[in-house]
file structure25.cif (mmCIF, C-alpha atoms)
data_run
#
loop_
_atom_site.label_atom_id
_atom_site.label_comp_id
_atom_site.auth_asym_id
_atom_site.auth_seq_id
_atom_site.Cartn_x
_atom_site.Cartn_y
_atom_site.Cartn_z
CA MET O 273 15.31 -20.54 25.67
CA SER O 274 15.52 -21.89 22.12
CA THR O 275 12.18 -23.66 22.52
CA GLN O 276 10.49 -20.40 23.53
CA SER O 277 12.10 -18.62 20.60
CA GLU O 278 10.87 -21.26 18.16
CA GLN O 279 7.36 -20.99 19.61
CA ARG O 280 7.39 -17.23 19.04
CA GLU O 281 8.70 -17.54 15.50
CA ALA O 282 6.51 -20.46 14.39
CA PRO O 283 3.31 -18.40 13.83
CA GLN O 284 5.21 -16.21 11.36
CA ASP O 285 5.66 -19.20 9.03
CA ARG O 286 2.04 -20.33 9.04
CA ILE O 287 0.23 -20.55 5.71
CA PHE O 288 -3.19 -22.03 6.43
CA THR O 289 -4.73 -19.51 8.84
CA VAL O 290 -8.10 -17.80 9.02
CA PRO O 291 -6.69 -14.31 8.21
CA ASN O 292 -4.71 -15.71 5.25
CA SER O 293 -7.85 -17.43 3.93
CA LEU O 294 -9.72 -14.11 4.01
CA SER O 295 -6.86 -12.31 2.26
CA LEU O 296 -6.71 -15.04 -0.39
CA ALA O 297 -10.47 -14.78 -0.92
CA ARG O 298 -10.04 -11.04 -1.49
CA LEU O 299 -7.32 -11.70 -4.06
CA VAL O 300 -9.47 -14.25 -5.90
CA GLY O 301 -12.26 -11.69 -6.04
CA VAL O 302 -10.16 -9.07 -7.86
CA PRO O 303 -10.65 -10.40 -11.45
CA LEU O 304 -14.33 -11.08 -10.71
CA PHE O 305 -14.75 -7.52 -9.46
CA LEU O 306 -13.09 -6.10 -12.59
CA TRP O 307 -15.33 -8.22 -14.83
CA LEU O 308 -18.45 -7.06 -12.96
CA VAL O 309 -17.42 -3.41 -13.42
CA LEU O 310 -16.74 -3.88 -17.13
CA VAL O 311 -20.09 -5.58 -17.81
CA GLU O 312 -21.76 -2.81 -15.74
CA ALA O 313 -23.13 -5.19 -13.10
CA ASP O 314 -22.56 -2.34 -10.67
CA TRP O 315 -24.60 -3.55 -7.71
CA TRP O 316 -22.84 -6.92 -7.71
CA ALA O 317 -19.50 -5.13 -8.04
CA LEU O 318 -20.36 -2.87 -5.10
CA GLY O 319 -21.40 -5.87 -3.02
CA LEU O 320 -18.08 -7.57 -3.73
CA LEU O 321 -16.23 -4.37 -2.86
CA VAL O 322 -18.07 -4.15 0.46
CA PHE O 323 -17.08 -7.76 1.19
CA ALA O 324 -13.48 -6.94 0.35
CA GLY O 325 -13.49 -3.95 2.68
CA LEU O 326 -15.03 -5.91 5.56
CA SER O 327 -12.64 -8.83 5.11
CA ASP O 328 -9.71 -6.40 4.99
CA TRP O 329 -10.69 -5.10 8.43
CA LEU O 330 -11.56 -8.55 9.76
CA ASP O 331 -8.38 -10.37 8.78
CA GLY O 332 -6.23 -7.83 10.64
CA LYS O 333 -8.37 -8.16 13.77
CA LEU O 334 -8.36 -11.96 13.64
CA ALA O 335 -4.61 -12.06 13.05
CA ARG O 336 -4.08 -10.27 16.36
CA VAL O 337 -6.86 -11.94 18.37
CA LEU O 338 -5.94 -15.47 17.23
CA ASN O 339 -2.18 -14.77 17.21
CA GLN O 340 -2.07 -15.81 13.55
CA THR O 341 0.12 -13.08 12.06
CA SER O 342 2.34 -14.52 9.35
CA LYS O 343 4.84 -13.54 6.68
CA LEU O 344 2.42 -14.69 3.99
CA GLY O 345 -0.33 -12.52 5.47
CA ALA O 346 2.05 -9.55 5.51
CA MET O 347 2.34 -9.90 1.72
CA LEU O 348 -1.24 -10.90 0.86
CA ASP O 349 -3.00 -8.13 2.79
CA PRO O 350 -1.44 -5.04 1.15
CA ALA O 351 -1.28 -6.86 -2.20
CA ALA O 352 -5.06 -7.36 -2.13
CA ASP O 353 -5.64 -3.67 -1.30
CA ARG O 354 -3.41 -2.51 -4.14
CA LEU O 355 -4.94 -4.93 -6.66
CA TYR O 356 -8.48 -3.80 -5.80
CA ILE O 357 -7.46 -0.17 -6.25
CA LEU O 358 -5.73 -1.05 -9.54
CA ALA O 359 -8.71 -3.09 -10.80
CA THR O 360 -11.07 -0.24 -9.89
CA LEU O 361 -8.87 2.29 -11.64
CA VAL O 362 -8.74 0.15 -14.80
CA GLY O 363 -12.48 -0.54 -14.82
CA LEU O 364 -13.58 3.02 -14.12
CA THR O 365 -11.11 4.44 -16.66
CA ILE O 366 -12.36 2.11 -19.39
CA ARG O 367 -15.91 3.21 -18.61
CA ASP O 368 -14.85 6.89 -18.66
CA ILE O 369 -15.96 7.40 -15.05
CA ILE O 370 -12.57 8.72 -13.92
CA PRO O 371 -10.02 10.61 -16.04
CA LEU O 372 -6.65 9.22 -17.04
CA TRP O 373 -4.76 11.88 -15.04
CA LEU O 374 -6.06 10.41 -11.77
CA VAL O 375 -4.80 6.96 -12.77
CA VAL O 376 -1.39 8.39 -13.67
CA LEU O 377 -1.24 10.31 -10.37
CA LEU O 378 -1.95 7.23 -8.25
CA VAL O 379 0.24 4.83 -10.21
CA ALA O 380 3.11 7.35 -10.09
CA ARG O 381 2.79 7.44 -6.29
CA GLU O 382 3.12 3.65 -6.12
CA LEU O 383 6.20 3.77 -8.34
CA ALA O 384 7.65 6.58 -6.22
CA ILE O 385 7.86 4.41 -3.09
CA VAL O 386 9.10 1.21 -4.77
CA PRO O 387 12.82 1.97 -4.09
CA ILE O 388 12.23 2.37 -0.34
CA ALA O 389 12.18 -1.36 0.50
CA PRO O 390 15.56 -2.21 -1.11
CA ILE O 391 17.17 0.89 0.44
CA VAL O 392 15.96 -0.12 3.91
CA ARG O 393 17.20 -3.69 3.40
CA ARG O 394 20.58 -2.44 2.17
CA LEU O 395 20.95 -0.46 5.38
CA GLY O 396 20.67 -3.71 7.32
CA TYR O 397 17.20 -3.29 8.79
CA SER O 398 15.36 -6.55 9.23
CA GLY O 399 12.03 -4.88 9.85
CA THR O 400 9.95 -2.52 7.74
CA LEU O 401 8.92 1.11 7.97
CA PRO O 402 5.87 1.57 10.19
CA VAL O 403 2.70 2.38 8.31
CA HIS O 404 1.74 6.03 8.67
CA PHE O 405 -1.78 7.00 9.65
CA ILE O 406 -1.70 9.40 6.67
CA GLY O 407 -1.17 6.48 4.28
CA LYS O 408 -4.00 4.49 5.87
CA ALA O 409 -6.30 7.50 5.66
CA GLY O 410 -5.43 8.01 1.98
CA THR O 411 -6.14 4.37 1.16
CA LEU O 412 -9.43 4.52 3.06
CA CYS O 413 -10.50 7.68 1.19
CA LEU O 414 -9.80 6.01 -2.16
CA LEU O 415 -11.67 2.85 -1.16
CA TYR O 416 -14.66 5.07 -0.31
CA ALA O 417 -14.27 7.21 -3.43
CA PHE O 418 -14.37 4.50 -6.09
CA PRO O 419 -17.71 2.86 -5.21
CA LEU O 420 -19.28 6.31 -4.82
CA LEU O 421 -18.00 7.32 -8.26
CA LEU O 422 -19.38 4.05 -9.62
CA LEU O 423 -22.78 4.93 -8.14
CA GLY O 424 -22.42 8.43 -9.55
CA ASP O 425 -22.37 7.03 -13.08
CA HIS O 426 -26.13 6.46 -12.86
CA ASP O 427 -29.06 8.84 -13.11
CA GLY O 428 -30.92 10.58 -10.32
CA THR O 429 -30.31 12.86 -7.37
CA ALA O 430 -28.70 10.13 -5.27
CA ALA O 431 -26.22 9.43 -8.05
CA THR O 432 -25.33 13.12 -8.33
CA VAL O 433 -24.72 13.36 -4.58
CA ALA O 434 -22.63 10.16 -4.67
CA LYS O 435 -20.53 11.59 -7.50
CA VAL O 436 -19.81 14.83 -5.63
CA ILE O 437 -18.89 13.01 -2.41
CA GLY O 438 -16.90 10.44 -4.38
CA TRP O 439 -14.78 13.11 -6.03
CA SER O 440 -14.20 14.74 -2.65
CA PHE O 441 -12.87 11.46 -1.28
CA ALA O 442 -10.80 10.89 -4.44
CA ILE O 443 -9.09 14.29 -4.22
CA TRP O 444 -8.40 13.96 -0.51
CA GLY O 445 -7.25 10.36 -0.98
CA ALA O 446 -4.82 11.24 -3.75
CA GLY O 447 -3.42 14.13 -1.71
CA LEU O 448 -2.96 12.00 1.43
CA TYR O 449 -1.48 9.20 -0.67
CA TRP O 450 1.27 11.50 -1.93
CA TRP O 451 1.74 13.11 1.48
CA ALA O 452 2.38 9.64 2.93
CA ALA O 453 4.94 8.95 0.17
CA VAL O 454 6.83 12.13 1.13
CA LEU O 455 6.79 11.06 4.79
CA TYR O 456 8.11 7.59 3.92
CA TRP O 457 10.96 9.09 1.92
CA GLU O 458 11.79 11.50 4.75
CA GLN O 459 11.89 8.60 7.17
CA THR O 460 14.11 6.67 4.77
CA ARG O 461 16.45 9.68 4.50
CA GLN O 462 16.73 9.81 8.28
CA LEU O 463 17.59 6.10 8.37
CA VAL O 464 20.29 6.61 5.72
CA VAL O 465 21.82 9.47 7.74
CA ALA O 466 21.67 7.39 10.95
CA GLY O 467 23.22 4.41 9.16
CA ARG O 468 26.26 6.45 8.15
CA GLY O 469 27.04 7.20 11.77
CA GLY O 470 27.42 3.60 12.90
CA PRO O 471 25.72 0.18 12.93
CA PRO O 472 22.03 0.25 12.10
CA PRO O 473 19.73 0.55 15.12
CA ALA O 474 16.83 -1.77 15.78
CA ALA O 475 14.27 -2.03 13.02
CA PRO O 476 11.30 0.34 13.26
CA ALA O 477 8.46 -1.15 15.24
CA PRO O 478 5.37 -2.13 13.27
CA ASP O 479 2.22 -0.12 13.84
CA PRO O 480 0.21 -1.99 16.52
CA GLU O 481 -3.00 -0.77 14.93
CA GLY O 482 -1.96 -1.82 11.43
CA GLU O 483 -3.18 -4.84 9.57
CA GLN O 484 -1.13 -7.99 9.59
CA GLU O 485 2.51 -7.32 10.39
CA GLY O 486 4.52 -5.07 8.10
CA ALA O 487 4.49 -5.21 4.35
CA GLU O 488 7.74 -4.86 2.41
CA THR O 489 6.63 -1.54 0.96
CA PRO O 490 4.53 0.88 3.05
CA ARG O 491 1.06 1.86 1.94
#

call {"tool": "encode", "arguments": {"input": "structure25.cif", "output": "structure tokens"}}
result
Amino acid sequence: MSTQSEQREAPQDRIFTVPNSLSLARLVGVPLFLWLVLVEADWWALGLLVFAGLSDWLDGKLARVLNQTSKLGAMLDPAADRLYILATLVGLTIRDIIPLWLVVLLVARELAIVPIAPIVRRLGYSGTLPVHFIGKAGTLCLLYAFPLLLLGDHDGTAATVAKVIGWSFAIWGAGLYWWAAVLYWEQTRQLVVAGRGGPPPAAPAPDPEGEQEGAETPR
């Protein structure tokens, strides 16, 4: 019995896996992406962003197919997503492509959900809150919005169309991002109420369609 348990737990402690390598490559690309945006090498920046998006999808698939989910991957994957969004926000704000109020709105959302992880841990849950589809959709909208807004900073009809579509994605993404935050806090409130009535129940199950297994803070 103990041998089987160790075999199940061992993959969680792996460091050198294919999905982790992809996540690490995405992280390494963040400062390069920001530099490309700032020097206005937009096509190279867009190419790197496309690679980041594809590797984000691929590392989650490989983690499940190869049974290589890990604790490190659970931290690297959402960290890479957040850093790319942050780098894009910084670069596009410096270039006056997006207004400061959008940056404040998105950063405030991230700060709003920071207390959730320690509250859940204090309640005695060993797992994490499942990732909502709303949060995933919001992140996806933002990851579509930023490259379109970057394209929209150029001249021509195509750039104008990209700018309009990009702002549509940005508005929807910001709205879904905050909607997900409200849902996470409501779920946390329900866990607090349940915890007062007795010992904490089993940890919420991770989303089977999510990326690598649960991050400390939901997206």

call {"tool": "residues_near_point", "arguments": {"input": "structure25.cif", "point": "(-18.9, -0.6, -9.8)", "cutoff": "7 Å", "atoms": "all atoms listed in the file", "output": "list in words"}}
result
Val309, Glu312, Asp314, Trp315, Ala317, Leu318, Pro419, Leu422 and Leu423 of chain O

call {"tool": "resolve_selection", "arguments": {"input": "structure25.cif", "expression": "the PyMOL selection byres ((chain O and resi 418) around 12)", "output": "mmCIF file with C-alpha atoms, in the frame of the given file"}}
result
data_model
loop_
_atom_site.group_PDB
_atom_site.id
_atom_site.type_symbol
_atom_site.label_atom_id
_atom_site.label_comp_id
_atom_site.auth_asym_id
_atom_site.auth_seq_id
_atom_site.Cartn_x
_atom_site.Cartn_y
_atom_site.Cartn_z
ATOM 1 C CA VAL O 309 -17.420 -3.410 -13.420
ATOM 2 C CA ASP O 314 -22.560 -2.340 -10.670
ATOM 3 C CA ALA O 317 -19.500 -5.130 -8.040
ATOM 4 C CA LEU O 318 -20.360 -2.870 -5.100
ATOM 5 C CA LEU O 321 -16.230 -4.370 -2.860
ATOM 6 C CA VAL O 322 -18.070 -4.150 0.460
ATOM 7 C CA TYR O 356 -8.480 -3.800 -5.800
ATOM 8 C CA ILE O 357 -7.460 -0.170 -6.250
ATOM 9 C CA LEU O 358 -5.730 -1.050 -9.540
ATOM 10 C CA ALA O 359 -8.710 -3.090 -10.800
ATOM 11 C CA THR O 360 -11.070 -0.240 -9.890
ATOM 12 C CA LEU O 361 -8.870 2.290 -11.640
ATOM 13 C CA VAL O 362 -8.740 0.150 -14.800
ATOM 14 C CA GLY O 363 -12.480 -0.540 -14.820
ATOM 15 C CA LEU O 364 -13.580 3.020 -14.120
ATOM 16 C CA THR O 365 -11.110 4.440 -16.660
ATOM 17 C CA ILE O 369 -15.960 7.400 -15.050
ATOM 18 C CA ILE O 370 -12.570 8.720 -13.920
ATOM 19 C CA LEU O 374 -6.060 10.410 -11.770
ATOM 20 C CA VAL O 375 -4.800 6.960 -12.770
ATOM 21 C CA THR O 411 -6.140 4.370 1.160
ATOM 22 C CA LEU O 412 -9.430 4.520 3.060
ATOM 23 C CA CYS O 413 -10.500 7.680 1.190
ATOM 24 C CA LEU O 414 -9.800 6.010 -2.160
ATOM 25 C CA LEU O 415 -11.670 2.850 -1.160
ATOM 26 C CA TYR O 416 -14.660 5.070 -0.310
ATOM 27 C CA ALA O 417 -14.270 7.210 -3.430
ATOM 28 C CA PRO O 419 -17.710 2.860 -5.210
ATOM 29 C CA LEU O 420 -19.280 6.310 -4.820
ATOM 30 C CA LEU O 421 -18.000 7.320 -8.260
ATOM 31 C CA LEU O 422 -19.380 4.050 -9.620
ATOM 32 C CA LEU O 423 -22.780 4.930 -8.140
ATOM 33 C CA GLY O 424 -22.420 8.430 -9.550
ATOM 34 C CA ASP O 425 -22.370 7.030 -13.080
ATOM 35 C CA ALA O 434 -22.630 10.160 -4.670
ATOM 36 C CA LYS O 435 -20.530 11.590 -7.500
ATOM 37 C CA VAL O 436 -19.810 14.830 -5.630
ATOM 38 C CA ILE O 437 -18.890 13.010 -2.410
ATOM 39 C CA GLY O 438 -16.900 10.440 -4.380
ATOM 40 C CA TRP O 439 -14.780 13.110 -6.030
ATOM 41 C CA SER O 440 -14.200 14.740 -2.650
ATOM 42 C CA PHE O 441 -12.870 11.460 -1.280
ATOM 43 C CA ALA O 442 -10.800 10.890 -4.440
ATOM 44 C CA ILE O 443 -9.090 14.290 -4.220
ATOM 45 C CA GLY O 445 -7.250 10.360 -0.980
ATOM 46 C CA ALA O 446 -4.820 11.240 -3.750
#

call {"tool": "residues_around", "arguments": {"input": "structure25.cif", "residues": "Leu330 of chain O", "least_positions_apart": "3", "cutoff": "10 Å", "atoms": "only C-alpha atoms", "output": "PyMOL selection string"}}
result
chain O and resi 290-291+294-295+324-327+333-335+483

call {"tool": "write_last_selection", "arguments": {"input": "structure25.cif", "atoms": "C-alpha atoms", "output": "PDB file, in the frame of the given file"}}
result
ATOM      1  CA  VAL O 290      -8.100 -17.800   9.020  1.00  0.00           C
ATOM      2  CA  PRO O 291      -6.690 -14.310   8.210  1.00  0.00           C
ATOM      3  CA  LEU O 294      -9.720 -14.110   4.010  1.00  0.00           C
ATOM      4  CA  SER O 295      -6.860 -12.310   2.260  1.00  0.00           C
ATOM      5  CA  ALA O 324     -13.480  -6.940   0.350  1.00  0.00           C
ATOM      6  CA  GLY O 325     -13.490  -3.950   2.680  1.00  0.00           C
ATOM      7  CA  LEU O 326     -15.030  -5.910   5.560  1.00  0.00           C
ATOM      8  CA  SER O 327     -12.640  -8.830   5.110  1.00  0.00           C
ATOM      9  CA  LYS O 333      -8.370  -8.160  13.770  1.00  0.00           C
ATOM     10  CA  LEU O 334      -8.360 -11.960  13.640  1.00  0.00           C
ATOM     11  CA  ALA O 335      -4.610 -12.060  13.050  1.00  0.00           C
ATOM     12  CA  GLU O 483      -3.180  -4.840   9.570  1.00  0.00           C
TER      13      GLU O 483
END

call {"tool": "closest_residue", "arguments": {"input": "structure25.cif", "among": "O:Ala384, O:Val379, O:Leu310, O:Val337", "to": "Ile366 of chain O", "atoms": "all atoms listed in the file"}}
result
O:Leu310

call {"tool": "closest_residue", "arguments": {"input": "structure25.cif", "among": "O:Ile385, O:Val433, O:Ala409, O:Val302", "to": "Glu458 of chain O", "atoms": "only C-alpha atoms"}}
result
O:Ile385

call {"tool": "atom_distance", "arguments": {"input": "structure25.cif", "atom1": "atom CA of Ala453 of chain O", "atom2": "atom CA of Gly407 of chain O"}}
result
7.8 Å

call {"tool": "closest_residue", "arguments": {"input": "structure25.cif", "among": "O:His426, O:Asp368, O:Asp349, O:Leu378", "to": "Trp329 of chain O", "atoms": "only C-alpha atoms"}}
result
O:Asp349

call {"tool": "atom_distance", "arguments": {"input": "structure25.cif", "atom1": "atom CA of Phe405 of chain O", "atom2": "atom CA of Trp451 of chain O"}}
result
10.8 Å

call {"tool": "closest_residue", "arguments": {"input": "structure25.cif", "among": "O:Leu355, O:Ala313, O:Met347, O:Ala466", "to": "Val300 of chain O", "atoms": "all atoms listed in the file"}}
result
O:Leu355

call {"tool": "closest_residue", "arguments": {"input": "structure25.cif", "among": "O:Gly301, O:Asp328, O:Phe288, O:Tyr449", "to": "Leu377 of chain O", "atoms": "all atoms listed in the file"}}
result
O:Tyr449

call {"tool": "atom_distance", "arguments": {"input": "structure25.cif", "atom1": "atom CA of Ala351 of chain O", "atom2": "atom CA of Phe305 of chain O"}}
result
15.3 Å

call {"tool": "residues_around", "arguments": {"input": "structure25.cif", "residues": "Val454 of chain O", "least_positions_apart": "3", "cutoff": "12 Å", "atoms": "only C-alpha atoms", "output": "PyMOL selection string"}}
result
chain O and resi 381-382+384-385+388+404+406-407+447-451+457-461+490-491
